[in-house]
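Source file: target.csv. Holds: CSV, C-alpha atoms and all ligand atoms.
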```csv
chain,number,residue,atom,x,y,z
A,1,MET,CA,-17.9,-17.6,-14.4
A,2,ASN,CA,-18.7,-14.0,-15.5
A,3,ARG,CA,-16.1,-11.9,-13.7
A,4,THR,CA,-16.4,-8.2,-13.2
A,5,LYS,CA,-13.2,-6.5,-14.6
A,6,ILE,CA,-11.2,-4.3,-12.2
A,7,LEU,CA,-8.2,-2.3,-13.6
A,8,VAL,CA,-5.3,-2.6,-11.1
A,9,THR,CA,-2.6,0.0,-11.7
A,10,GLY,CA,0.7,-1.0,-10.2
A,11,GLY,CA,-0.7,-4.5,-10.0
A,12,ALA,CA,2.8,-6.1,-10.3
A,13,GLY,CA,4.0,-4.2,-7.2
A,14,TYR,CA,4.1,-5.3,-3.6
A,15,ILE,CA,0.6,-4.5,-2.4
A,16,GLY,CA,-0.9,-4.6,-5.9
A,17,SER,CA,0.2,-8.2,-6.6
A,18,HIS,CA,-1.5,-9.3,-3.3
A,19,ALA,CA,-4.6,-7.4,-4.2
A,20,VAL,CA,-4.7,-9.0,-7.6
A,21,VAL,CA,-4.7,-12.5,-6.0
A,22,GLU,CA,-7.4,-11.5,-3.5
A,23,LEU,CA,-9.6,-9.9,-6.2
A,24,TYR,CA,-9.4,-13.0,-8.4
A,25,GLU,CA,-10.1,-15.3,-5.5
A,26,ALA,CA,-13.1,-13.2,-4.6
A,27,GLY,CA,-14.5,-13.7,-8.2
A,28,TYR,CA,-13.3,-10.5,-9.9
A,29,GLN,CA,-11.2,-10.3,-13.1
A,30,PRO,CA,-8.2,-8.1,-12.3
A,31,ILE,CA,-6.5,-6.4,-15.3
A,32,ILE,CA,-3.0,-5.2,-14.4
A,33,VAL,CA,-1.3,-2.2,-15.8
A,34,ASP,CA,2.3,-1.7,-14.7
A,35,ASN,CA,5.4,-0.2,-16.3
A,36,PHE,CA,7.7,-2.3,-13.9
A,37,VAL,CA,9.6,0.8,-12.7
A,38,ASN,CA,9.6,-0.7,-9.2
A,39,SER,CA,8.6,-4.4,-9.8
A,40,GLN,CA,9.6,-7.4,-11.8
A,41,GLU,CA,7.8,-9.5,-14.2
A,42,SER,CA,8.5,-12.5,-11.9
A,43,ALA,CA,5.6,-11.2,-9.8
A,44,LEU,CA,3.3,-12.2,-12.6
A,45,ASN,CA,4.7,-15.8,-12.4
A,46,GLY,CA,4.0,-15.9,-8.7
A,47,ILE,CA,0.5,-14.7,-9.3
A,48,ARG,CA,0.0,-17.3,-12.0
A,49,THR,CA,1.3,-20.1,-9.8
A,50,ILE,CA,-1.0,-19.1,-6.9
A,51,LEU,CA,-4.1,-18.7,-9.0
A,52,GLY,CA,-3.4,-21.3,-11.7
A,53,THR,CA,-4.2,-18.8,-14.4
A,54,ASP,CA,-2.7,-15.9,-16.2
A,55,ILE,CA,-3.9,-12.4,-15.2
A,56,PRO,CA,-3.9,-10.0,-18.2
A,57,CYS,CA,-1.1,-7.4,-17.8
A,58,TYR,CA,-0.3,-4.4,-19.9
A,59,LYS,CA,3.2,-3.0,-19.6
A,60,ILE,CA,2.4,0.7,-19.9
A,61,ASP,CA,2.9,3.9,-18.1
A,62,CYS,CA,-0.4,5.0,-16.6
A,63,ALA,CA,0.6,8.6,-16.7
A,64,ASN,CA,0.5,8.2,-20.5
A,65,GLU,CA,-3.1,8.9,-21.5
A,66,ALA,CA,-2.9,7.3,-25.0
A,67,ALA,CA,-1.5,4.1,-23.5
A,68,VAL,CA,-4.2,3.9,-20.9
A,69,ARG,CA,-6.9,4.7,-23.4
A,70,GLY,CA,-5.6,1.8,-25.5
A,71,VAL,CA,-6.1,-0.6,-22.6
A,72,LEU,CA,-9.6,0.7,-21.8
A,73,GLU,CA,-10.6,0.3,-25.5
A,74,GLN,CA,-9.2,-3.2,-25.6
A,75,GLU,CA,-10.8,-4.4,-22.4
A,76,LYS,CA,-14.0,-2.4,-23.0
A,77,ASP,CA,-16.1,-3.2,-19.9
A,78,ILE,CA,-13.9,-2.3,-16.9
A,79,LYS,CA,-16.1,-1.5,-14.0
A,80,GLY,CA,-13.7,-0.1,-11.4
A,81,ILE,CA,-10.1,0.9,-10.8
A,82,ILE,CA,-7.7,0.3,-7.9
A,83,HIS,CA,-4.9,2.8,-8.3
A,84,PHE,CA,-1.7,1.6,-6.7
A,85,ALA,CA,0.8,2.9,-9.3
A,86,ALA,CA,3.0,5.5,-7.7
A,87,TYR,CA,6.6,6.2,-6.6
A,88,LYS,CA,6.8,5.7,-2.8
A,89,ALA,CA,10.4,6.3,-1.5
A,90,VAL,CA,10.2,9.2,0.9
A,91,GLY,CA,13.9,10.1,0.8
A,92,GLU,CA,14.1,10.0,-3.0
A,93,SER,CA,11.0,12.3,-3.2
A,94,VAL,CA,13.0,14.9,-1.3
A,95,ALA,CA,15.9,14.6,-3.8
A,96,GLU,CA,13.7,14.3,-6.9
A,97,PRO,CA,10.3,16.0,-6.2
A,98,LEU,CA,9.4,16.6,-9.8
A,99,LYS,CA,9.6,13.0,-10.6
A,100,TYR,CA,7.1,12.3,-7.8
A,101,TYR,CA,4.7,15.0,-8.7
A,102,GLN,CA,4.8,14.0,-12.4
A,103,ASN,CA,4.2,10.3,-11.7
A,104,ASN,CA,1.9,10.3,-8.7
A,105,LEU,CA,-0.3,13.2,-9.8
A,106,GLY,CA,0.0,12.5,-13.5
A,107,SER,CA,-1.2,8.9,-13.3
A,108,LEU,CA,-4.2,9.8,-11.2
A,109,LEU,CA,-5.1,12.7,-13.6
A,110,VAL,CA,-5.0,10.5,-16.6
A,111,LEU,CA,-7.3,7.9,-15.0
A,112,LEU,CA,-9.8,10.5,-13.8
A,113,ALA,CA,-9.9,12.1,-17.3
A,114,LEU,CA,-10.6,8.8,-19.0
A,115,MET,CA,-13.1,7.3,-16.5
A,116,PRO,CA,-16.2,9.2,-17.7
A,117,GLU,CA,-15.4,8.4,-21.4
A,118,PHE,CA,-15.4,4.6,-20.6
A,119,GLY,CA,-18.3,4.7,-18.1
A,120,ILE,CA,-16.1,3.7,-15.2
A,121,GLN,CA,-17.6,5.1,-12.0
A,122,SER,CA,-15.6,3.5,-9.2
A,123,ILE,CA,-12.0,4.2,-7.9
A,124,VAL,CA,-10.1,3.0,-4.9
A,125,PHE,CA,-7.0,5.1,-4.2
A,126,SER,CA,-3.9,4.1,-2.2
A,127,SER,CA,-3.4,6.8,0.4
A,128,SER,CA,-1.3,6.6,3.5
A,129,CYS,CA,-1.2,7.4,7.2
A,130,THR,CA,1.5,9.8,6.3
A,131,VAL,CA,-1.3,12.4,5.7
A,132,TYR,CA,-1.8,12.5,9.5
A,133,GLY,CA,1.8,13.7,10.1
A,134,VAL,CA,2.5,13.7,13.8
A,135,PRO,CA,-1.0,13.2,15.1
A,136,ASP,CA,-2.4,15.1,18.1
A,137,GLN,CA,-4.3,12.1,19.2
A,138,LEU,CA,-3.9,8.3,19.2
A,139,PRO,CA,-5.2,6.1,17.8
A,140,VAL,CA,-6.0,8.2,14.7
A,141,THR,CA,-9.5,8.1,13.3
A,142,GLU,CA,-10.5,9.3,9.8
A,143,GLN,CA,-11.5,12.6,11.5
A,144,THR,CA,-8.1,13.2,12.9
A,145,PRO,CA,-6.9,16.4,11.2
A,146,THR,CA,-4.4,15.9,8.4
A,147,LYS,CA,-1.1,17.8,8.6
A,148,PRO,CA,1.1,19.5,6.1
A,149,ALA,CA,3.2,16.9,4.4
A,150,THR,CA,6.8,16.5,5.5
A,151,SER,CA,8.0,15.1,2.1
A,152,PRO,CA,7.1,15.6,-1.6
A,153,TYR,CA,5.9,11.9,-1.5
A,154,GLY,CA,3.5,12.6,1.4
A,155,ASN,CA,2.4,15.7,-0.4
A,156,THR,CA,1.5,13.7,-3.5
A,157,LYS,CA,-0.8,11.6,-1.3
A,158,LYS,CA,-2.4,14.7,0.2
A,159,ILE,CA,-2.9,16.4,-3.2
A,160,CYS,CA,-4.3,13.2,-4.8
A,161,GLU,CA,-6.8,13.0,-1.9
A,162,ASP,CA,-7.7,16.7,-2.6
A,163,ILE,CA,-8.1,16.0,-6.4
A,164,LEU,CA,-10.3,13.1,-5.7
A,165,ASN,CA,-12.4,15.1,-3.3
A,166,ASP,CA,-12.9,17.9,-5.9
A,167,VAL,CA,-13.5,15.7,-8.9
A,168,THR,CA,-15.9,13.4,-7.0
A,169,ALA,CA,-17.9,16.4,-5.7
A,170,ALA,CA,-18.1,17.8,-9.2
A,171,GLY,CA,-19.2,14.5,-10.6
A,172,LYS,CA,-22.5,14.6,-8.8
A,173,GLY,CA,-22.7,10.9,-8.1
A,174,GLN,CA,-21.1,9.8,-11.4
A,175,LEU,CA,-17.8,9.1,-9.6
A,176,ARG,CA,-17.6,6.9,-6.5
A,177,THR,CA,-14.4,7.1,-4.5
A,178,ILE,CA,-12.8,5.3,-1.6
A,179,LEU,CA,-9.5,6.5,-0.1
A,180,LEU,CA,-7.7,3.8,1.8
A,181,ARG,CA,-5.2,5.2,4.2
A,182,TYR,CA,-2.7,2.4,4.8
A,183,PHE,CA,-0.6,2.1,7.9
A,184,ASN,CA,2.6,0.0,7.6
A,185,PRO,CA,2.1,-3.0,5.3
A,186,ILE,CA,4.5,-5.9,6.0
A,187,GLY,CA,4.9,-9.6,5.2
A,188,ALA,CA,4.2,-11.7,2.1
A,189,HIS,CA,1.7,-14.2,0.7
A,190,ALA,CA,1.6,-17.5,2.6
A,191,SER,CA,2.8,-19.3,-0.6
A,192,GLY,CA,6.1,-17.5,-0.5
A,193,LEU,CA,5.5,-16.8,-4.2
A,194,ILE,CA,4.9,-13.0,-4.1
A,195,GLY,CA,6.2,-10.4,-1.7
A,196,GLU,CA,8.1,-7.1,-1.5
A,197,LEU,CA,11.1,-6.6,-3.8
A,198,PRO,CA,13.1,-3.8,-2.2
A,199,LEU,CA,15.8,-2.4,-4.5
A,200,GLY,CA,19.1,-1.6,-3.0
A,201,VAL,CA,19.4,-0.9,0.8
A,202,PRO,CA,15.9,-1.0,2.2
A,203,ASN,CA,14.5,2.1,3.9
A,204,ASN,CA,11.6,0.2,5.6
A,205,LEU,CA,12.1,-1.7,8.8
A,206,ILE,CA,10.9,-5.2,7.9
A,207,PRO,CA,13.0,-5.7,4.8
A,208,PHE,CA,16.0,-4.4,6.7
A,209,VAL,CA,15.2,-6.9,9.5
A,210,THR,CA,14.9,-9.9,7.2
A,211,GLN,CA,18.0,-8.9,5.2
A,212,THR,CA,19.9,-8.6,8.5
A,213,ALA,CA,18.7,-12.1,9.6
A,214,ALA,CA,19.7,-13.4,6.1
A,215,GLY,CA,23.2,-12.0,6.5
A,216,ILE,CA,22.9,-9.5,3.7
A,217,ARG,CA,23.1,-6.6,6.2
A,218,GLU,CA,25.5,-6.7,9.1
A,219,LYS,CA,23.1,-5.2,11.6
A,220,LEU,CA,19.9,-3.3,12.0
A,221,THR,CA,20.2,0.2,13.4
A,222,ILE,CA,17.1,1.1,15.5
A,223,PHE,CA,16.5,4.8,14.9
A,224,GLY,CA,16.4,6.2,18.4
A,225,ASP,CA,15.3,4.8,21.8
A,226,THR,CA,14.5,8.0,23.7
A,227,TYR,CA,11.1,8.8,22.2
A,228,ASP,CA,8.2,9.4,24.5
A,229,THR,CA,6.9,5.9,24.1
A,230,PRO,CA,7.0,3.0,26.7
A,231,ASP,CA,10.3,1.6,25.5
A,232,GLY,CA,11.6,4.7,23.8
A,233,THR,CA,11.4,3.4,20.2
A,234,ASN,CA,8.9,4.5,17.6
A,235,ILE,CA,5.4,2.9,17.4
A,236,ARG,CA,3.7,1.9,14.2
A,237,ASP,CA,0.7,-0.2,13.1
A,238,TYR,CA,2.0,-3.1,11.1
A,239,ILE,CA,-0.6,-4.7,8.9
A,240,HIS,CA,-0.1,-7.9,7.0
A,241,VAL,CA,-0.2,-7.3,3.2
A,242,VAL,CA,-2.8,-9.9,2.6
A,243,ASP,CA,-5.1,-8.4,5.2
A,244,LEU,CA,-4.5,-5.0,3.5
A,245,ALA,CA,-5.2,-6.5,0.1
A,246,LYS,CA,-8.5,-7.8,1.3
A,247,ALA,CA,-9.6,-4.3,2.3
A,248,HIS,CA,-9.5,-3.5,-1.4
A,249,VAL,CA,-11.9,-6.3,-2.2
A,250,VAL,CA,-14.5,-5.0,0.3
A,251,ALA,CA,-13.9,-1.4,-0.9
A,252,VAL,CA,-14.6,-2.5,-4.5
A,253,GLU,CA,-17.6,-4.4,-3.5
A,254,ARG,CA,-19.0,-1.3,-1.7
A,255,LEU,CA,-18.4,0.9,-4.7
A,256,LEU,CA,-19.9,-1.5,-7.2
A,257,ALA,CA,-22.9,-1.8,-5.0
A,258,GLY,CA,-23.6,1.9,-5.3
A,259,GLY,CA,-21.1,3.3,-3.0
A,260,HIS,CA,-21.7,6.7,-1.5
A,261,ALA,CA,-22.1,10.2,-3.1
A,262,ASP,CA,-19.1,11.6,-1.1
A,263,VAL,CA,-15.6,10.4,-1.0
A,264,GLU,CA,-15.3,7.8,1.8
A,265,VAL,CA,-12.0,7.5,3.7
A,266,PHE,CA,-11.0,4.4,5.7
A,267,ASN,CA,-8.0,3.8,7.8
A,268,VAL,CA,-6.5,0.4,7.1
A,269,GLY,CA,-4.4,-0.9,9.9
A,270,THR,CA,-4.7,-3.5,12.7
A,271,GLY,CA,-5.6,-1.0,15.4
A,272,ARG,CA,-2.5,-2.2,17.3
A,273,GLY,CA,0.7,-0.1,17.8
A,274,ASN,CA,4.0,-1.9,18.2
A,275,SER,CA,7.4,-0.5,19.0
A,276,VAL,CA,10.5,-1.2,16.9
A,277,LEU,CA,11.9,-3.2,19.8
A,278,GLU,CA,8.6,-5.2,20.0
A,279,VAL,CA,9.0,-6.0,16.3
A,280,VAL,CA,12.5,-7.2,16.8
A,281,ASN,CA,11.5,-9.4,19.7
A,282,ALA,CA,8.5,-10.7,17.7
A,283,PHE,CA,10.7,-11.5,14.7
A,284,GLU,CA,13.1,-13.4,16.9
A,285,LYS,CA,10.3,-15.4,18.5
A,286,ALA,CA,8.5,-16.1,15.2
A,287,THR,CA,11.5,-17.2,13.3
A,288,GLY,CA,14.0,-18.4,15.8
A,289,GLN,CA,16.6,-16.1,14.2
A,290,LYS,CA,18.8,-13.9,16.5
A,291,LEU,CA,18.9,-10.4,15.1
A,292,ASN,CA,22.0,-8.3,15.4
A,293,TYR,CA,20.9,-4.7,16.2
A,294,VAL,CA,22.3,-1.5,17.6
A,295,ILE,CA,20.5,1.7,18.8
A,296,GLY,CA,21.4,4.6,16.6
A,297,PRO,CA,20.3,8.2,16.4
A,298,PRO,CA,16.8,9.2,15.5
A,299,ARG,CA,15.9,9.4,11.8
A,300,ALA,CA,15.0,12.9,10.6
A,301,GLY,CA,11.3,13.2,10.0
A,302,ASP,CA,10.2,10.1,11.9
A,303,VAL,CA,6.8,10.2,13.7
A,304,PRO,CA,7.2,9.0,17.3
A,305,ALA,CA,4.0,7.0,17.3
A,306,ILE,CA,1.0,6.4,15.0
A,307,TYR,CA,-1.6,3.6,14.9
A,308,ALA,CA,-5.1,3.4,13.5
A,309,ASP,CA,-8.5,3.4,15.0
A,310,VAL,CA,-10.2,0.9,12.6
A,311,THR,CA,-13.7,1.2,13.9
A,312,LYS,CA,-15.0,2.8,10.7
A,313,ALA,CA,-13.6,0.1,8.4
A,314,THR,CA,-14.8,-2.6,10.7
A,315,GLN,CA,-18.3,-1.2,11.0
A,316,GLU,CA,-18.9,0.1,7.4
A,317,LEU,CA,-16.7,-2.3,5.3
A,318,GLY,CA,-16.9,-5.3,7.6
A,319,PHE,CA,-13.1,-5.3,7.4
A,320,GLN,CA,-11.1,-7.2,10.0
A,321,THR,CA,-7.4,-8.2,10.0
A,322,THR,CA,-6.7,-11.8,11.0
A,323,THR,CA,-2.9,-12.0,10.9
A,324,SER,CA,-0.8,-11.5,14.1
A,325,LEU,CA,2.4,-9.6,14.1
A,326,GLU,CA,4.4,-12.8,14.6
A,327,ASP,CA,2.7,-14.5,11.7
A,328,SER,CA,3.3,-11.4,9.5
A,329,LEU,CA,7.0,-11.4,10.4
A,330,ALA,CA,7.2,-15.2,9.8
A,331,SER,CA,5.8,-14.7,6.3
A,332,ALA,CA,8.3,-11.9,5.6
A,333,TRP,CA,11.1,-14.2,6.6
A,334,LYS,CA,9.8,-17.0,4.4
A,335,TRP,CA,9.7,-14.6,1.5
A,336,GLN,CA,13.2,-13.4,2.3
A,337,GLN,CA,14.5,-16.9,2.0
A,338,THR,CA,13.3,-17.2,-1.5
A,339,LEU,CA,15.2,-14.1,-2.7
A,401,LIG,P1,5.4,-0.7,-5.3
A,401,LIG,O1,6.4,0.2,-5.7
A,401,LIG,O2,5.8,-2.1,-4.9
A,401,LIG,O3,4.2,-0.8,-6.3
A,401,LIG,C1,3.9,0.2,-7.2
A,401,LIG,C2,3.8,-0.4,-8.6
A,401,LIG,O4,3.4,0.7,-9.5
A,401,LIG,C3,5.1,-0.9,-9.1
A,401,LIG,O5,4.9,-2.2,-9.6
A,401,LIG,C4,5.5,0.1,-10.2
A,401,LIG,O6,6.3,-0.5,-11.2
A,401,LIG,C5,4.2,0.6,-10.6
A,401,LIG,N1,4.2,2.0,-11.2
A,401,LIG,C6,4.7,3.1,-10.6
A,401,LIG,N2,4.5,4.2,-11.5
A,401,LIG,C7,3.8,3.7,-12.5
A,401,LIG,C8,3.3,4.2,-13.7
A,401,LIG,N3,3.4,5.6,-14.0
A,401,LIG,N4,2.6,3.4,-14.6
A,401,LIG,C9,2.5,2.1,-14.4
A,401,LIG,N5,3.0,1.5,-13.3
A,401,LIG,C10,3.6,2.3,-12.4
A,401,LIG,O7,4.6,0.0,-4.0
A,401,LIG,P2,3.6,-0.6,-3.0
A,401,LIG,O8,4.2,-0.7,-1.7
A,401,LIG,O9,2.9,-1.8,-3.6
A,401,LIG,O10,2.6,0.6,-2.9
A,401,LIG,C11,1.4,0.7,-3.7
A,401,LIG,C12,0.7,2.0,-3.4
A,401,LIG,O11,0.4,2.1,-2.0
A,401,LIG,C13,1.5,3.3,-3.7
A,401,LIG,O12,0.6,4.2,-4.2
A,401,LIG,C14,2.1,3.7,-2.4
A,401,LIG,O13,2.3,5.1,-2.3
A,401,LIG,C15,0.9,3.3,-1.5
A,401,LIG,N6,1.3,3.1,-0.1
A,401,LIG,C16,2.3,2.2,0.2
A,401,LIG,C17,2.8,2.0,1.5
A,401,LIG,C18,3.9,1.1,1.8
A,401,LIG,O14,4.5,1.2,2.9
A,401,LIG,N7,4.3,0.1,0.9
A,401,LIG,C19,2.1,2.7,2.5
A,401,LIG,C20,1.1,3.6,2.2
A,401,LIG,C21,0.7,3.8,0.9
A,402,LIG,C1,9.1,2.0,10.6
A,402,LIG,C2,9.8,2.2,12.0
A,402,LIG,C3,11.7,3.7,11.9
A,402,LIG,C4,14.3,1.2,9.4
A,402,LIG,C5,7.2,4.8,5.7
A,402,LIG,C6,6.8,6.0,5.0
A,402,LIG,C7,5.3,6.2,5.0
A,402,LIG,C8,4.6,4.9,4.6
A,402,LIG,C9,5.2,3.7,5.2
A,402,LIG,C10,3.9,5.1,2.3
A,402,LIG,C11,10.2,3.7,12.2
A,402,LIG,C12,12.1,2.3,12.3
A,402,LIG,C13,13.2,1.7,10.2
A,402,LIG,C14,15.5,0.9,10.1
A,402,LIG,C15,14.5,1.6,12.2
A,402,LIG,N1,4.7,4.7,3.2
A,402,LIG,N2,13.3,1.9,11.5
A,402,LIG,N3,15.5,1.1,11.5
A,402,LIG,O1,8.7,5.4,8.5
A,402,LIG,O2,6.6,4.3,9.4
A,402,LIG,O3,6.7,4.9,7.1
A,402,LIG,O4,6.6,3.7,5.1
A,402,LIG,O5,3.0,5.8,2.3
A,402,LIG,O6,4.9,7.3,4.2
A,402,LIG,O7,7.4,7.2,5.6
A,402,LIG,O8,8.1,3.0,7.9
A,402,LIG,O9,9.4,1.0,7.7
A,402,LIG,O10,10.6,3.1,7.3
A,402,LIG,O11,9.9,2.6,9.6
A,402,LIG,O12,14.5,1.7,13.4
A,402,LIG,O13,16.5,0.6,9.5
A,402,LIG,O14,11.1,1.5,12.0
A,402,LIG,O15,12.3,4.7,12.7
A,402,LIG,O16,10.0,3.9,13.6
A,402,LIG,P1,7.6,4.5,8.3
A,402,LIG,P2,9.6,2.4,8.1
```
Translate the structure of the given file into structure tokens.
Amino acid sequence: MNRTKILVTGGAGYIGSHAVVELYEAGYQPIIVDNFVNSQESALNGIRTILGTDIPCYKIDCANEAAVRGVLEQEKDIKGIIHFAAYKAVGESVAEPLKYYQNNLGSLLVLLALMPEFGIQSIVFSSSCTVYGVPDQLPVTEQTPTKPATSPYGNTKKICEDILNDVTAAGKGQLRTILLRYFNPIGAHASGLIGELPLGVPNNLIPFVTQTAAGIREKLTIFGDTYDTPDGTNIRDYIHVVDLAKAHVVAVERLLAGGHADVEVFNVGTGRGNSVLEVVNAFEKATGQKLNYVIGPPRAGDVPAIYADVTKATQELGFQTTTSLEDSLASAWKWQQTL
């Protein structure tokens, strides 16, 4: 089988590893570059076991132009890039903003500088619903205005979107770009062989939930129950990571088929909003685990409610999610039990 090569930066990470699996299963040849700053080489073992084959992986920093050039020279005929590699911890980005600007902007700039030289015309970029800030309307469409970022991390996503808009426009059709704005990815591959590897105390809700159920954390603190939402807790759009991974396959297919002259933006969520309390209840129902939780004060910077309008991705990419919240949470629990 003659597989089209797709460079997957950050392909050993949480979303990237699932995308590598989906790309390979869809007939592509993913080529991973990852420096393992936030992942472990065990992810490659999981990918190998799922696929029954090794996926090439280069352990390099993709903000290092010479190193990326070396990979592109060696692989020669890469046709597209999915750029996941970035730092993503919101709180850390406030404490260490330069680290975030250097890595998140630096890696994108290196890729964009090298793409013309190697005749690579297609890039899918990992953006985030964080660019919408506290939205004025719900659900958010791709036309919903973006807001000034509330963290250096969020700002890197906004600036990378701006860079991609400018460079794509200047490229006069030579560069085809899709920005995928992810909502909240959760869960793990059904095999239980790959998933999220949170280091230290998790910031995100689902790893905190599963670690609490596993007895690693004493209790979950729900950050506030007096928001202007039906049960007072925050609302998010939780999308299963395999559904999210599949959005990258359809995005790559669209770009390789000729794409679009302008940058295209797609929300990637389920279109459903669920409150924190609904997540807790769904987790208990899906897993039979009782969750110890308390209501605490609100967390600074939290958006009260955000969820996606996914009409555009459905109509133009043919993208649809298939995994329910309960099944997503069950997969997160299955993964937790392997850690
Ligand atoms: P992750 O940390 O699990 O994966 C990122 C991977 O990139 C890691 O394997 C890390 O080692 C690698 N990496 C980072 N900098 C690198 C560099 N300079 N060179 C090579 N490799 C490098 O994160 P994730 O959750 O899989 O997120 C993937 C992308 O999606 C990121 O761009 C993130 O900002 C974005 N995103 C994530 C979420 C989320 O909630 N997880 C939501 C919206 C957007
Ligand atoms: C979800 C909900 C919390 C932990 C973050 C980034 C965002 C994006 C996705 C990358 C919120 C509540 C959480 C806990 C809680 N990442 N919660 N107790 O905040 O929607 O988004 O990840 O782009 O940029 O900011 O996700 O998982 O942290 O929180 O009550 O211990 O769970 O208040 O309502 P969030 P999260």
Inset, instruction - Determine the nearest neighbour of Cys57 in chain A from the options A:Asn203, A:Asn45, A:Ser93, A:Asn104, counting only C-alpha atoms. - result: A:Asn45
Where does chain A meet ligand LIG 402 (chain A) within 8 Å, residue by residue, with the nearest atom pair and distance in Å to one decimal for each, counting all atoms listed in the file, listed by chain and rising number, as CSV?
```
residue,atom,partner,partner_atom,distance
A:Lys88,CA,A:LIG402,C10,5.9
A:Ala89,CA,A:LIG402,C6,7.4
A:Val90,CA,A:LIG402,O7,5.8
A:Ser127,CA,A:LIG402,O5,6.8
A:Ser128,CA,A:LIG402,O5,4.5
A:Cys129,CA,A:LIG402,O5,6.6
A:Thr130,CA,A:LIG402,O6,4.7
A:Tyr153,CA,A:LIG402,O6,7.4
A:Gly154,CA,A:LIG402,O6,6.2
A:Lys157,CA,A:LIG402,O5,7.8
A:Tyr182,CA,A:LIG402,O5,7.1
A:Phe183,CA,A:LIG402,C9,6.6
A:Asn184,CA,A:LIG402,C9,5.1
A:Pro185,CA,A:LIG402,C9,7.4
A:Pro202,CA,A:LIG402,O13,7.5
A:Asn203,CA,A:LIG402,O10,5.3
A:Asn204,CA,A:LIG402,O9,3.1
A:Leu205,CA,A:LIG402,C4,3.7
A:Ile206,CA,A:LIG402,O9,6.4
A:Phe208,CA,A:LIG402,O13,5.8
A:Val209,CA,A:LIG402,O13,7.6
A:Leu220,CA,A:LIG402,O13,5.7
A:Thr221,CA,A:LIG402,N3,5.1
A:Ile222,CA,A:LIG402,O12,3.4
A:Phe223,CA,A:LIG402,O12,4.0
A:Gly224,CA,A:LIG402,O12,7.0
A:Thr233,CA,A:LIG402,O16,6.8
A:Asn234,CA,A:LIG402,O16,4.2
A:Ile235,CA,A:LIG402,O16,6.0
A:Arg236,CA,A:LIG402,O2,6.1
A:Ser275,CA,A:LIG402,O16,7.4
A:Val276,CA,A:LIG402,O14,5.6
A:Pro298,CA,A:LIG402,O15,7.0
A:Arg299,CA,A:LIG402,O15,6.0
A:Asp302,CA,A:LIG402,O15,5.8
A:Val303,CA,A:LIG402,O16,7.1
A:Pro304,CA,A:LIG402,O16,6.9
A:Ala305,CA,A:LIG402,O16,7.7
```
Inset, instruction - Please check which protein, DNA or RNA residues sit within 8 Å of ligand LIG 401 (chain A), counting only C-alpha atoms and all ligand atoms, and write them as an MDAnalysis selection string. - result: chainID A and resid 9:17 33:40 59:64 83:88 103:104 106:107 125:130 153 157 181:186 196:198 204
Inset, instruction - Name all residues at most 8 Å from Thr141 in chain A (count all atoms listed in the file; drop same-chain ones fewer than 5 positions away) and give them as a ChimeraX atom specification. - result: /A:267,308-310
Export, as an mmCIF file, in the coordinates of the input, the selected residues with C-alpha atoms.
```cif
data_model
loop_
_atom_site.group_PDB
_atom_site.id
_atom_site.type_symbol
_atom_site.label_atom_id
_atom_site.label_comp_id
_atom_site.auth_asym_id
_atom_site.auth_seq_id
_atom_site.Cartn_x
_atom_site.Cartn_y
_atom_site.Cartn_z
ATOM 1 C CA ASN A 267 -8.000 3.800 7.800
ATOM 2 C CA ALA A 308 -5.100 3.400 13.500
ATOM 3 C CA ASP A 309 -8.500 3.400 15.000
ATOM 4 C CA VAL A 310 -10.200 0.900 12.600
#
```
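Coordinates place CA of Ile295 in chain A at a distance of 10.6 Å from CA of Gly232 in chain A.
Our summary of the geometry notes that CA of Lys334 in chain A is positioned 11.6 Å from CA of Gln211 in chain A.
Straight-line separation from CA of Val241 in chain A to CA of Gly91 in chain A: 22.5 Å.
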Could you name the residues that touch Thr168 in chain A at 7 Å or less, counting all atoms listed in the file, but leaving out those on the same chain fewer than 3 positions away, as a short mmCIF file (atom, residue, chain, number, x, y, z; two decimals) with C-alpha atoms, in the frame of the given file?
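Written file, result01.cif:
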```cif
data_model
loop_
_atom_site.label_atom_id
_atom_site.label_comp_id
_atom_site.auth_asym_id
_atom_site.auth_seq_id
_atom_site.Cartn_x
_atom_site.Cartn_y
_atom_site.Cartn_z
CA LEU A 164 -10.30 13.10 -5.70
CA ASN A 165 -12.40 15.10 -3.30
CA GLY A 171 -19.20 14.50 -10.60
CA LYS A 172 -22.50 14.60 -8.80
CA LEU A 175 -17.80 9.10 -9.60
CA ARG A 176 -17.60 6.90 -6.50
CA THR A 177 -14.40 7.10 -4.50
CA ASP A 262 -19.10 11.60 -1.10
CA VAL A 263 -15.60 10.40 -1.00
#
```
Inset, instruction - Tell me, as a PyMOL selection string, which residues lie within 12 Å of Met1 in chain A, counting all atoms listed in the file; anything in the same chain fewer than 4 positions away does not count. - result: chain A and resi 24+26-29
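Near Ala213 in chain A, within 9 Å and counting only C-alpha atoms, sit Lys219, Gln289, Lys290, Leu291, Asn292 and Trp333 of chain A, not including residues fewer than 6 positions from it in the same chain.
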With C-alpha atoms retained, write the just-selected residues as a PDB file, in the coordinates of the input.
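Output (result_19.pdb):
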```
ATOM      1  CA  LYS A 219      23.100  -5.200  11.600  1.00  0.00           C
ATOM      2  CA  GLN A 289      16.600 -16.100  14.200  1.00  0.00           C
ATOM      3  CA  LYS A 290      18.800 -13.900  16.500  1.00  0.00           C
ATOM      4  CA  LEU A 291      18.900 -10.400  15.100  1.00  0.00           C
ATOM      5  CA  ASN A 292      22.000  -8.300  15.400  1.00  0.00           C
ATOM      6  CA  TRP A 333      11.100 -14.200   6.600  1.00  0.00           C
TER       7      TRP A 333
END
```
